[in-house]
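This is start-v8.cif. It holds mmCIF, C-alpha atoms.
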data_coords
loop_
_atom_site.label_atom_id
_atom_site.label_comp_id
_atom_site.auth_asym_id
_atom_site.auth_seq_id
_atom_site.Cartn_x
_atom_site.Cartn_y
_atom_site.Cartn_z
CA MET H 1 103.41 -48.54 -64.94
CA ALA H 2 99.73 -47.94 -64.17
CA ALA H 3 98.75 -44.51 -62.88
CA ARG H 4 98.26 -44.35 -59.14
CA THR H 5 94.62 -43.86 -58.17
CA LEU H 6 94.59 -40.90 -55.80
CA PRO H 7 92.18 -37.97 -55.35
CA LEU H 8 93.58 -34.61 -56.36
CA GLY H 9 94.89 -32.37 -53.62
CA PRO H 10 94.69 -28.59 -53.12
CA VAL H 11 98.26 -27.62 -54.10
CA MET H 12 99.40 -26.58 -57.58
CA LEU H 13 103.18 -26.54 -57.84
CA ASP H 14 105.87 -26.13 -60.47
CA ILE H 15 108.65 -28.36 -61.77
CA GLU H 16 112.33 -27.78 -62.32
CA GLY H 17 112.97 -28.06 -66.07
CA THR H 18 112.03 -29.66 -69.38
CA ARG H 19 111.90 -33.20 -67.94
CA LEU H 20 110.58 -34.58 -64.68
CA THR H 21 113.23 -35.24 -62.07
CA ASP H 22 112.89 -37.77 -59.29
CA ALA H 23 112.18 -34.85 -56.93
CA ASP H 24 109.42 -33.63 -59.26
CA ARG H 25 107.82 -37.08 -59.36
CA ARG H 26 107.95 -37.36 -55.59
CA ARG H 27 106.22 -34.02 -55.11
CA LEU H 28 103.63 -34.65 -57.83
CA SER H 29 102.79 -38.03 -56.30
CA HIS H 30 102.07 -36.49 -52.90
CA PRO H 31 98.38 -36.70 -51.86
CA LEU H 32 98.21 -32.91 -51.46
CA ALA H 33 99.34 -32.23 -55.03
CA GLY H 34 96.55 -31.50 -57.48
CA GLY H 35 98.09 -29.56 -60.32
CA VAL H 36 101.19 -28.31 -62.10
CA ILE H 37 101.89 -24.83 -63.44
CA LEU H 38 104.40 -24.64 -66.28
CA PHE H 39 106.78 -21.80 -67.12
CA ALA H 40 109.03 -20.89 -70.05
CA ARG H 41 111.86 -22.90 -68.45
CA ASN H 42 109.75 -26.04 -68.92
CA TYR H 43 109.54 -25.60 -72.70
CA ALA H 44 112.13 -26.55 -75.31
CA ASN H 45 109.99 -27.54 -78.29
CA ALA H 46 106.56 -28.90 -79.16
CA GLY H 47 107.52 -32.56 -78.96
CA GLN H 48 109.22 -32.13 -75.60
CA LEU H 49 106.21 -30.31 -74.13
CA ALA H 50 103.77 -32.96 -75.36
CA GLY H 51 105.94 -35.68 -73.84
CA LEU H 52 106.25 -33.81 -70.56
CA THR H 53 102.52 -33.27 -70.17
CA GLU H 54 101.82 -36.89 -71.12
CA GLU H 55 104.17 -38.07 -68.38
CA ILE H 56 102.62 -35.72 -65.82
CA HIS H 57 99.10 -36.85 -66.68
CA ALA H 58 100.15 -40.50 -66.48
CA LEU H 59 101.37 -40.19 -62.89
CA ARG H 60 97.93 -40.08 -61.28
CA ASN H 61 94.30 -41.06 -61.77
CA PRO H 62 92.52 -38.70 -62.00
CA PRO H 63 95.33 -36.85 -63.76
CA LEU H 64 96.89 -33.72 -62.32
CA VAL H 65 95.60 -30.47 -63.84
CA ILE H 66 98.28 -28.79 -65.97
CA ALA H 67 98.11 -24.99 -66.22
CA VAL H 68 100.17 -22.12 -67.60
CA ASP H 69 100.06 -18.32 -67.72
CA HIS H 70 99.55 -17.97 -71.47
CA GLU H 71 97.63 -14.75 -72.08
CA GLY H 72 99.29 -13.21 -75.12
CA GLY H 73 101.53 -10.19 -75.47
CA ARG H 74 104.27 -10.10 -72.85
CA VAL H 75 102.72 -12.99 -70.90
CA GLN H 76 103.09 -15.97 -73.21
CA ARG H 77 105.22 -18.78 -71.78
CA PHE H 78 105.51 -20.86 -74.97
CA ARG H 79 106.54 -19.06 -78.13
CA ASP H 80 108.64 -21.03 -80.63
CA GLY H 81 106.19 -23.30 -82.44
CA PHE H 82 103.15 -21.47 -81.05
CA SER H 83 101.16 -18.63 -82.62
CA ALA H 84 102.23 -15.16 -81.46
CA LEU H 85 99.22 -13.92 -79.51
CA PRO H 86 98.52 -10.19 -79.24
CA ALA H 87 98.34 -8.28 -75.99
CA MET H 88 94.68 -8.02 -74.99
CA ARG H 89 94.91 -4.23 -75.30
CA GLU H 90 94.97 -4.72 -79.07
CA LEU H 91 91.52 -6.29 -78.92
CA GLY H 92 90.35 -3.23 -77.00
CA TRP H 93 91.74 -1.05 -79.76
CA ALA H 94 89.87 -3.18 -82.29
CA TRP H 95 86.66 -2.68 -80.28
CA ASP H 96 87.01 1.07 -80.59
CA HIS H 97 87.10 0.65 -84.38
CA GLY H 98 84.37 -1.97 -84.79
CA GLN H 99 82.62 -3.92 -82.06
CA SER H 100 81.39 -6.88 -84.10
CA GLN H 101 84.80 -7.49 -85.64
CA ALA H 102 86.49 -7.14 -82.24
CA ARG H 103 84.23 -9.78 -80.72
CA GLN H 104 85.06 -12.16 -83.55
CA LEU H 105 88.79 -11.48 -83.24
CA ALA H 106 88.65 -12.06 -79.48
CA GLN H 107 86.90 -15.38 -80.05
CA GLU H 108 89.56 -16.39 -82.59
CA VAL H 109 92.35 -15.47 -80.16
CA GLY H 110 90.72 -17.60 -77.48
CA PHE H 111 90.29 -20.51 -79.89
CA VAL H 112 93.92 -20.45 -81.08
CA LEU H 113 95.29 -20.03 -77.56
CA ALA H 114 93.25 -22.92 -76.18
CA THR H 115 93.62 -25.24 -79.17
CA GLU H 116 97.40 -24.99 -79.23
CA LEU H 117 97.70 -25.61 -75.50
CA LEU H 118 95.33 -28.59 -75.64
CA ALA H 119 97.30 -30.00 -78.58
CA HIS H 120 100.34 -30.08 -76.30
CA GLY H 121 98.49 -31.62 -73.34
CA VAL H 122 98.02 -28.45 -71.28
CA ASP H 123 94.61 -28.29 -69.59
CA LEU H 124 94.15 -24.58 -69.03
CA SER H 125 95.61 -21.10 -69.13
CA PHE H 126 95.16 -18.61 -66.33
CA ALA H 127 93.29 -16.25 -68.63
CA PRO H 128 91.54 -14.01 -69.49
CA VAL H 129 92.68 -10.98 -67.50
CA LEU H 130 89.53 -9.13 -66.44
CA ASP H 131 91.22 -6.18 -64.75
CA ILE H 132 90.33 -2.71 -65.99
CA ASP H 133 93.11 -0.52 -67.35
CA ARG H 134 93.11 2.54 -65.11
CA GLY H 135 96.48 3.78 -66.32
CA ALA H 136 97.94 3.13 -62.87
CA SER H 137 99.19 -0.45 -62.90
CA THR H 138 102.27 -1.30 -64.96
CA VAL H 139 102.01 -4.99 -64.04
CA ILE H 140 98.54 -5.03 -65.67
CA GLY H 141 98.93 -2.39 -68.38
CA ASP H 142 98.33 -3.81 -71.84
CA ARG H 143 97.26 -7.15 -70.38
CA ALA H 144 93.87 -5.47 -69.82
CA PHE H 145 91.38 -5.28 -72.67
CA HIS H 146 90.12 -1.76 -72.09
CA THR H 147 89.33 1.12 -69.73
CA ASP H 148 85.58 0.47 -69.94
CA PRO H 149 84.30 -2.33 -67.65
CA ARG H 150 81.53 -3.24 -70.08
CA VAL H 151 84.01 -3.65 -72.93
CA VAL H 152 86.30 -5.78 -70.75
CA GLY H 153 83.31 -8.02 -70.04
CA GLU H 154 82.28 -8.31 -73.69
CA LEU H 155 85.78 -9.09 -74.97
CA GLY H 156 86.50 -11.43 -72.06
CA ARG H 157 83.30 -13.30 -72.83
CA ALA H 158 84.29 -13.62 -76.49
CA VAL H 159 87.72 -15.02 -75.55
CA LEU H 160 85.96 -17.46 -73.22
CA GLN H 161 83.72 -18.56 -76.10
CA GLY H 162 86.84 -19.35 -78.11
CA PHE H 163 88.25 -21.37 -75.21
CA ARG H 164 85.07 -23.36 -74.89
CA GLN H 165 84.87 -24.08 -78.62
CA ALA H 166 88.33 -25.60 -78.33
CA GLY H 167 87.47 -27.56 -75.17
CA MET H 168 89.09 -25.49 -72.43
CA SER H 169 87.78 -23.65 -69.37
CA GLY H 170 88.76 -20.08 -68.56
CA VAL H 171 90.20 -18.60 -65.36
CA GLY H 172 89.43 -14.90 -64.88
CA LYS H 173 91.82 -12.75 -62.88
CA HIS H 174 92.54 -10.81 -60.67
CA PHE H 175 89.33 -10.66 -58.63
CA PRO H 176 87.96 -8.14 -57.64
CA GLY H 177 90.36 -6.04 -59.76
CA HIS H 178 94.06 -5.15 -59.80
CA GLY H 179 93.99 -2.29 -62.29
CA HIS H 180 93.44 0.58 -59.86
CA VAL H 181 96.70 0.25 -57.87
CA ALA H 182 100.22 1.11 -59.01
CA ALA H 183 102.01 -1.37 -56.74
CA ASP H 184 102.97 -4.76 -58.20
CA SER H 185 101.80 -7.56 -55.89
CA HIS H 186 104.78 -9.66 -56.98
CA HIS H 187 107.04 -7.28 -55.05
CA GLU H 188 104.77 -5.18 -52.79
CA VAL H 189 101.50 -5.34 -50.86
CA PRO H 190 99.11 -3.17 -52.92
CA VAL H 191 96.31 -1.29 -51.16
CA ASP H 192 93.18 -0.07 -52.95
CA GLU H 193 91.33 2.52 -50.86
CA ARG H 194 88.08 2.54 -52.83
CA THR H 195 84.71 1.67 -51.35
CA TYR H 196 82.92 -1.57 -52.16
CA GLU H 197 80.31 0.45 -54.06
CA ALA H 198 82.96 1.94 -56.34
CA ILE H 199 84.53 -1.47 -56.98
CA GLU H 200 81.15 -3.10 -57.61
CA ALA H 201 80.10 -0.44 -60.10
CA ALA H 202 83.22 -0.91 -62.21
CA ASP H 203 85.65 -3.75 -61.52
CA LEU H 204 83.05 -6.43 -60.73
CA VAL H 205 81.20 -5.83 -63.99
CA PRO H 206 83.38 -8.11 -66.18
CA PHE H 207 83.56 -10.81 -63.51
CA ARG H 208 79.77 -10.84 -63.25
CA ARG H 209 79.48 -11.01 -67.04
CA LEU H 210 81.79 -14.00 -67.38
CA ILE H 211 80.32 -15.84 -64.42
CA GLU H 212 76.97 -15.62 -66.19
CA ALA H 213 78.70 -17.06 -69.28
CA GLY H 214 80.01 -20.11 -67.39
CA LEU H 215 83.53 -19.10 -66.34
CA GLY H 216 85.28 -22.16 -64.86
CA GLY H 217 87.82 -20.55 -62.55
CA ILE H 218 88.76 -17.28 -60.87
CA MET H 219 92.04 -16.09 -59.36
CA PRO H 220 91.82 -13.40 -56.66
CA ALA H 221 94.30 -10.55 -56.32
CA HIS H 222 96.92 -10.17 -53.61
CA VAL H 223 95.51 -6.69 -53.02
CA ILE H 224 94.08 -5.26 -49.79
CA TYR H 225 90.81 -3.31 -50.06
CA PRO H 226 90.73 -1.93 -46.49
CA ARG H 227 87.28 -0.37 -46.79
CA VAL H 228 85.95 -3.90 -47.40
CA ASP H 229 88.34 -6.15 -45.43
CA SER H 230 91.78 -5.82 -43.85
CA ARG H 231 93.01 -8.98 -45.59
CA PRO H 232 94.07 -9.31 -49.25
CA ALA H 233 91.23 -10.60 -51.41
CA GLY H 234 92.81 -14.04 -51.77
CA PHE H 235 92.73 -14.50 -47.98
CA SER H 236 89.37 -12.82 -47.41
CA ALA H 237 86.18 -14.78 -46.73
CA VAL H 238 84.33 -11.50 -47.28
CA TRP H 239 85.49 -11.33 -50.89
CA LEU H 240 85.51 -15.03 -51.68
CA LYS H 241 82.56 -16.45 -49.75
CA GLN H 242 80.24 -13.48 -49.31
CA VAL H 243 80.82 -11.60 -52.57
CA LEU H 244 82.15 -14.12 -55.11
CA ARG H 245 80.21 -17.20 -54.00
CA GLY H 246 77.24 -15.49 -52.37
CA GLN H 247 76.44 -12.34 -54.31
CA LEU H 248 77.89 -13.27 -57.72
CA GLY H 249 76.88 -16.94 -57.53
CA PHE H 250 80.23 -18.29 -58.72
CA ASP H 251 80.52 -22.10 -58.47
CA GLY H 252 83.82 -22.71 -60.23
CA VAL H 253 87.34 -23.18 -58.91
CA ILE H 254 88.98 -20.40 -56.93
CA PHE H 255 92.75 -20.57 -57.46
CA SER H 256 94.98 -18.52 -55.18
CA ASP H 257 97.60 -16.41 -56.87
CA ASP H 258 101.18 -17.54 -56.21
CA LEU H 259 101.73 -17.72 -52.44
CA SER H 260 105.41 -16.87 -52.89
CA MET H 261 104.52 -13.34 -54.02
CA GLU H 262 105.18 -10.42 -51.70
CA GLY H 263 101.49 -9.53 -51.75
CA ALA H 264 100.81 -12.78 -49.89
CA SER H 265 103.38 -12.13 -47.16
CA VAL H 266 100.87 -10.48 -44.81
CA ALA H 267 99.37 -13.92 -44.13
CA GLY H 268 102.56 -15.27 -42.54
CA GLY H 269 104.73 -18.20 -43.60
CA VAL H 270 103.93 -20.42 -46.57
CA VAL H 271 101.88 -22.95 -44.61
CA ASP H 272 99.98 -20.14 -42.88
CA ARG H 273 99.32 -18.52 -46.25
CA ALA H 274 97.94 -21.75 -47.69
CA ARG H 275 95.71 -22.37 -44.69
CA ALA H 276 94.46 -18.79 -44.77
CA ALA H 277 93.66 -18.98 -48.51
CA LEU H 278 91.90 -22.33 -48.23
CA GLY H 279 90.01 -21.21 -45.14
CA ALA H 280 88.86 -18.05 -46.89
CA GLY H 281 87.36 -20.04 -49.75
CA CYS H 282 90.09 -20.98 -52.25
CA ASP H 283 89.83 -24.48 -53.70
CA MET H 284 93.47 -24.68 -54.79
CA VAL H 285 96.63 -22.78 -53.81
CA LEU H 286 99.63 -22.09 -56.05
CA LEU H 287 103.22 -22.12 -54.83
CA CYS H 288 105.98 -21.52 -57.35
CA ASN H 289 109.74 -21.10 -57.68
CA SER H 290 110.65 -22.46 -54.25
CA PRO H 291 111.07 -26.27 -54.12
CA GLU H 292 112.03 -26.21 -50.44
CA ALA H 293 108.90 -24.22 -49.58
CA VAL H 294 106.78 -26.69 -51.56
CA ASP H 295 108.30 -29.58 -49.59
CA GLY H 296 107.46 -27.82 -46.32
CA LEU H 297 103.92 -27.12 -47.47
CA LEU H 298 103.30 -30.72 -48.54
CA ASP H 299 104.73 -31.98 -45.25
CA ASP H 300 102.84 -29.63 -42.91
CA LEU H 301 99.59 -28.47 -44.53
CA GLY H 302 97.49 -31.43 -43.39
CA TYR H 303 94.37 -30.56 -45.40
CA ALA H 304 91.59 -32.77 -46.76
CA MET H 305 90.14 -31.43 -49.99
CA PRO H 306 86.34 -31.06 -49.73
CA ALA H 307 84.21 -33.04 -52.14
CA VAL H 308 82.81 -29.84 -53.67
CA SER H 309 86.33 -28.63 -54.49
CA LEU H 310 87.18 -31.99 -56.07
CA ALA H 311 84.08 -31.77 -58.25
CA ARG H 312 84.92 -28.22 -59.32
CA LEU H 313 88.53 -29.13 -60.12
CA ALA H 314 87.46 -32.12 -62.23
CA ARG H 315 85.74 -29.71 -64.60
CA MET H 316 89.04 -27.94 -65.31
CA HIS H 317 90.60 -30.79 -67.26
CA GLY H 318 90.87 -29.81 -70.90
CA ARG H 319 89.28 -31.83 -73.69
CA PRO H 320 91.96 -34.14 -75.14
CA LEU H 321 93.02 -33.41 -78.71
CA PRO H 322 94.16 -36.70 -80.30
CA GLY H 323 96.88 -36.21 -82.87
CA GLY H 324 98.08 -32.96 -81.34
CA MET H 325 99.54 -30.30 -83.61
CA ALA H 326 99.84 -32.77 -86.51
CA ARG H 327 96.06 -33.05 -86.61
CA LEU H 328 95.65 -29.29 -86.55
CA GLY H 329 97.68 -28.97 -89.74
CA GLY H 330 94.62 -30.06 -91.72
CA ASP H 331 91.96 -28.28 -89.64
CA ASP H 332 90.32 -25.47 -91.62
CA ARG H 333 88.73 -23.88 -88.55
CA TYR H 334 92.11 -23.66 -86.85
CA ALA H 335 93.81 -22.34 -90.00
CA ARG H 336 91.27 -19.54 -90.37
CA ALA H 337 91.64 -18.57 -86.71
CA VAL H 338 95.45 -18.50 -86.95
CA GLN H 339 95.23 -16.28 -90.02
CA ALA H 340 92.89 -13.86 -88.24
CA VAL H 341 95.11 -13.70 -85.16
CA ALA H 342 98.24 -13.12 -87.25
CA ALA H 343 96.57 -10.15 -88.92
CA ILE H 344 95.79 -8.36 -85.64
CA GLY H 345 97.88 -5.20 -85.49
CA LYS H 346 98.76 -5.44 -89.18
CA ARG H 347 95.54 -4.33 -90.84
CA GLU H 348 95.89 -1.62 -93.41
CA GLY H 349 95.25 1.84 -92.02
CA GLU H 350 95.50 0.75 -88.39
CA LEU H 351 97.02 3.22 -85.97
CA PRO H 352 99.80 2.03 -83.66
CA LEU H 353 98.89 1.29 -80.08
CA ALA H 354 99.61 4.06 -77.60
#

Represent the structure contained in this file as structure tokens.
Amino acid sequence: MAARTLPLGPVMLDIEGTRLTDADRRRLSHPLAGGVILFARNYANAGQLAGLTEEIHALRNPPLVIAVDHEGGRVQRFRDGFSALPAMRELGWAWDHGQSQARQLAQEVGFVLATELLAHGVDLSFAPVLDIDRGASTVIGDRAFHTDPRVVGELGRAVLQGFRQAGMSGVGKHFPGHGHVAADSHHEVPVDERTYEAIEAADLVPFRRLIEAGLGGIMPAHVIYPRVDSRPAGFSAVWLKQVLRGQLGFDGVIFSDDLSMEGASVAGGVVDRARAALGAGCDMVLLCNSPEAVDGLLDDLGYAMPAVSLARLARMHGRPLPGGMARLGGDDRYARAVQAVAAIGKREGELPLA
């Protein structure tokens, strides 16, 4: 059956399992659907994942964007058959023991991460994390590269270089920074009492660095910064339009964080949350782990995606990798990168991470 020609919509949603159900196909064929986010429950093995992504891409023209949270460390959705990626904190440790080597390792991590996802038909990962480790946030923790904003920017840029060498865009998160608050926005509504000047001098540094390097997407935090705006950043035109678009000059895709998270609850019901995020400047909203809520959103949102958002989203499709993982078996560049990544944390004389 030929793919249905239909412009992409502003909603990224999830699917139930390792194969598409009739309900999945119905939702993904809705005009408001524009992307799919995959989770560990959607993965059984490499062949299954490649078949699943092929079927998803074949549903529509242009194809839906397929994404995953695949950062490394404790946030890696696909494991069996994929390289074990280190937590980004390990790259920060490497930086403290040799900056040039750390940059190269970060680039290799980005290349392996992106290449393996592209080989299975996944367009992008919501990475790298650009939050600064302040020692306060357990939900961020070792997902952050470092305590120094400049180092976070340098290592994030190197990971992005690896992505781009493989043919994938990057999505930096969680703008303007989640590392200073202890509360987990999955379960609470975090509040960061710092001034804009304090945030700009530290947390915005890595975002500015990667925007200059061509970052394709950004995901804002479900965090309230009351000395800047009373709304969480993902629902704030101050943060998204004035600061991110205006002052930082970002022209990529702004993806909301998951609207089912508790940090998004201040914006009302699911449809209200989506409208608030899109109105504040998001190009695409995510809604996960609630099929009934997705149905209600698709039925009631009533939103026409602006041409500028469509153009931005088109740039997020990954570069196809014909032959998939079988082709990578004979790729020397990939083999060297895998070897370098596997050695991270195992080098002779290395101290254990704190």

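Excluding region 302-316 of chain H itself and same-chain residues fewer than 6 positions from it, the residues having an atom within 7 Å of it are Leu8, Gly9, Pro10, Ser169, Gly216, Gly252, Val253 and Asp283 of chain H, counting all atoms listed in the file.
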
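Between CA of Pro31 (chain H) and CA of Asp299 (chain H) there is a distance of 10.3 Å.
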
If you take every atom of region 29-48 of chain H that the file lists and fit an axis-aligned box around them with 5 Å extra on each side, what centre and edge lengths come out in Å to one decimal, as AutoDock Vina command-line options?
--center_x 104.3 --center_y -29.5 --center_z -65.3 --size_x 25.6 --size_y 27.1 --size_z 37.7

Name the residues captured by the PyMOL selection byres ((chain H and resi 209) around 12) when it is applied to the shown file; answer as a PDB file with C-alpha atoms, keeping the file's coordinate frame.
ATOM      1  CA  LEU H 130      89.530  -9.130 -66.440  1.00  0.00           C
ATOM      2  CA  PRO H 149      84.300  -2.330 -67.650  1.00  0.00           C
ATOM      3  CA  ARG H 150      81.530  -3.240 -70.080  1.00  0.00           C
ATOM      4  CA  VAL H 151      84.010  -3.650 -72.930  1.00  0.00           C
ATOM      5  CA  VAL H 152      86.300  -5.780 -70.750  1.00  0.00           C
ATOM      6  CA  GLY H 153      83.310  -8.020 -70.040  1.00  0.00           C
ATOM      7  CA  GLU H 154      82.280  -8.310 -73.690  1.00  0.00           C
ATOM      8  CA  LEU H 155      85.780  -9.090 -74.970  1.00  0.00           C
ATOM      9  CA  GLY H 156      86.500 -11.430 -72.060  1.00  0.00           C
ATOM     10  CA  ARG H 157      83.300 -13.300 -72.830  1.00  0.00           C
ATOM     11  CA  ALA H 158      84.290 -13.620 -76.490  1.00  0.00           C
ATOM     12  CA  LEU H 160      85.960 -17.460 -73.220  1.00  0.00           C
ATOM     13  CA  GLY H 172      89.430 -14.900 -64.880  1.00  0.00           C
ATOM     14  CA  ALA H 202      83.220  -0.910 -62.210  1.00  0.00           C
ATOM     15  CA  ASP H 203      85.650  -3.750 -61.520  1.00  0.00           C
ATOM     16  CA  LEU H 204      83.050  -6.430 -60.730  1.00  0.00           C
ATOM     17  CA  VAL H 205      81.200  -5.830 -63.990  1.00  0.00           C
ATOM     18  CA  PRO H 206      83.380  -8.110 -66.180  1.00  0.00           C
ATOM     19  CA  PHE H 207      83.560 -10.810 -63.510  1.00  0.00           C
ATOM     20  CA  ARG H 208      79.770 -10.840 -63.250  1.00  0.00           C
ATOM     21  CA  LEU H 210      81.790 -14.000 -67.380  1.00  0.00           C
ATOM     22  CA  ILE H 211      80.320 -15.840 -64.420  1.00  0.00           C
ATOM     23  CA  GLU H 212      76.970 -15.620 -66.190  1.00  0.00           C
ATOM     24  CA  ALA H 213      78.700 -17.060 -69.280  1.00  0.00           C
ATOM     25  CA  GLY H 214      80.010 -20.110 -67.390  1.00  0.00           C
ATOM     26  CA  LEU H 215      83.530 -19.100 -66.340  1.00  0.00           C
ATOM     27  CA  LEU H 248      77.890 -13.270 -57.720  1.00  0.00           C
ATOM     28  CA  GLY H 249      76.880 -16.940 -57.530  1.00  0.00           C
ATOM     29  CA  PHE H 250      80.230 -18.290 -58.720  1.00  0.00           C
TER      30      PHE H 250
END

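Of note, CA of Val294 (chain H) and CA of Met12 (chain H) are spaced 9.5 Å apart.
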
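Nearest to Val122 (chain H) of all the residues H:Val285, H:Leu297, H:Leu321, H:Leu240 is H:Leu321, based on only C-alpha atoms.
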
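When all atoms listed in the file are used to compute distances to Gly92 (chain H), the closest of the residues H:Ala119, H:Ala280, H:Leu105, H:Ala50 turns out to be H:Leu105.
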
Using all atoms listed in the file, find the one residue out of H:Gly81, H:Pro86, H:Gly72, H:Pro176 that sits nearest to Ile344 (chain H).
H:Pro86

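Proximity ranking of H:Ala114, H:Gly121, H:Leu85, H:Gln107 relative to Gly324 (chain H) places H:Gly121 first, based on only C-alpha atoms.
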
As a check of understanding, name the residues that the PyMOL selection byres ((chain H and resi 90) around 10) selects in the supplied structure, as JSON, numbers by chain.
{"H": [73, 86, 87, 88, 89, 91, 92, 93, 94, 95, 96, 102, 106, 142, 143, 144, 145, 146, 344, 345, 352, 353]}

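With all atoms listed in the file as the basis for measurement, H:Met325 is the residue among H:Leu59, H:Ala201, H:Met325, H:Ile132 that approaches Leu117 (chain H) most closely.
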
What's the 7 Å shell around region 125-129 of chain H, counting all atoms listed in the file, without same-chain residues fewer than 2 positions away, as a VMD selection string?
chain H and resid 67 to 71 131 143 to 144 156 170 to 174

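For Leu6 (chain H), the residues within 8 Å (counting only C-alpha atoms, excluding itself and residues fewer than 5 positions away along the chain) are H:Pro31, H:Arg60, H:Asn61, H:Pro62.
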
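Take the PyMOL selection byres ((chain H and resi 296) around 12) and apply it to this file: it picks Arg27, Leu32, Gly269, Val270, Val271, Asp272, Ala274, Leu287, Ser290, Pro291, Glu292, Ala293, Val294, Asp295, Leu297, Leu298, Asp299, Asp300, Leu301 and Gly302 of chain H.
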
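The interatomic distance for the pair CA of Val36 (chain H) and CA of Trp239 (chain H) works out to 25.7 Å.
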
Kindly reconstruct region 247-259 of chain H with N, CA, C and O atoms and present the result as a PDB file, keeping the file's coordinate frame.
ATOM      1  N   GLN H 247      77.106 -13.362 -53.507  1.00  0.00           N
ATOM      2  CA  GLN H 247      76.440 -12.340 -54.310  1.00  0.00           C
ATOM      3  C   GLN H 247      76.545 -12.597 -55.817  1.00  0.00           C
ATOM      4  O   GLN H 247      75.586 -12.366 -56.554  1.00  0.00           O
ATOM      5  N   LEU H 248      77.715 -13.054 -56.277  1.00  0.00           N
ATOM      6  CA  LEU H 248      77.890 -13.270 -57.720  1.00  0.00           C
ATOM      7  C   LEU H 248      77.515 -14.681 -58.150  1.00  0.00           C
ATOM      8  O   LEU H 248      77.398 -14.945 -59.341  1.00  0.00           O
ATOM      9  N   GLY H 249      77.336 -15.594 -57.202  1.00  0.00           N
ATOM     10  CA  GLY H 249      76.880 -16.940 -57.530  1.00  0.00           C
ATOM     11  C   GLY H 249      77.899 -17.790 -58.255  1.00  0.00           C
ATOM     12  O   GLY H 249      77.535 -18.711 -58.995  1.00  0.00           O
ATOM     13  N   PHE H 250      79.186 -17.539 -58.037  1.00  0.00           N
ATOM     14  CA  PHE H 250      80.230 -18.290 -58.720  1.00  0.00           C
ATOM     15  C   PHE H 250      80.384 -19.679 -58.102  1.00  0.00           C
ATOM     16  O   PHE H 250      80.522 -19.817 -56.890  1.00  0.00           O
ATOM     17  N   ASP H 251      80.389 -20.730 -58.961  1.00  0.00           N
ATOM     18  CA  ASP H 251      80.520 -22.100 -58.470  1.00  0.00           C
ATOM     19  C   ASP H 251      81.665 -22.833 -59.146  1.00  0.00           C
ATOM     20  O   ASP H 251      81.677 -24.060 -59.201  1.00  0.00           O
ATOM     21  N   GLY H 252      82.645 -22.087 -59.641  1.00  0.00           N
ATOM     22  CA  GLY H 252      83.820 -22.710 -60.230  1.00  0.00           C
ATOM     23  C   GLY H 252      84.958 -22.784 -59.233  1.00  0.00           C
ATOM     24  O   GLY H 252      84.778 -22.602 -58.021  1.00  0.00           O
ATOM     25  N   VAL H 253      86.153 -23.048 -59.745  1.00  0.00           N
ATOM     26  CA  VAL H 253      87.340 -23.180 -58.910  1.00  0.00           C
ATOM     27  C   VAL H 253      87.923 -21.812 -58.583  1.00  0.00           C
ATOM     28  O   VAL H 253      88.093 -20.979 -59.481  1.00  0.00           O
ATOM     29  N   ILE H 254      88.230 -21.590 -57.325  1.00  0.00           N
ATOM     30  CA  ILE H 254      88.980 -20.400 -56.930  1.00  0.00           C
ATOM     31  C   ILE H 254      90.422 -20.824 -56.707  1.00  0.00           C
ATOM     32  O   ILE H 254      90.723 -21.612 -55.808  1.00  0.00           O
ATOM     33  N   PHE H 255      91.310 -20.310 -57.563  1.00  0.00           N
ATOM     34  CA  PHE H 255      92.750 -20.570 -57.460  1.00  0.00           C
ATOM     35  C   PHE H 255      93.408 -19.388 -56.764  1.00  0.00           C
ATOM     36  O   PHE H 255      93.221 -18.247 -57.199  1.00  0.00           O
ATOM     37  N   SER H 256      94.200 -19.627 -55.739  1.00  0.00           N
ATOM     38  CA  SER H 256      94.980 -18.520 -55.180  1.00  0.00           C
ATOM     39  C   SER H 256      95.998 -18.074 -56.220  1.00  0.00           C
ATOM     40  O   SER H 256      96.410 -18.851 -57.089  1.00  0.00           O
ATOM     41  N   ASP H 257      96.423 -16.819 -56.121  1.00  0.00           N
ATOM     42  CA  ASP H 257      97.600 -16.410 -56.870  1.00  0.00           C
ATOM     43  C   ASP H 257      98.814 -17.009 -56.147  1.00  0.00           C
ATOM     44  O   ASP H 257      98.687 -17.569 -55.049  1.00  0.00           O
ATOM     45  N   ASP H 258      99.980 -16.904 -56.745  1.00  0.00           N
ATOM     46  CA  ASP H 258     101.180 -17.540 -56.210  1.00  0.00           C
ATOM     47  C   ASP H 258     101.442 -17.085 -54.765  1.00  0.00           C
ATOM     48  O   ASP H 258     101.573 -15.894 -54.489  1.00  0.00           O
ATOM     49  N   LEU H 259     101.526 -18.042 -53.859  1.00  0.00           N
ATOM     50  CA  LEU H 259     101.730 -17.720 -52.440  1.00  0.00           C
ATOM     51  C   LEU H 259     103.152 -17.261 -52.144  1.00  0.00           C
ATOM     52  O   LEU H 259     103.426 -16.807 -51.027  1.00  0.00           O
TER      53      LEU H 259
END
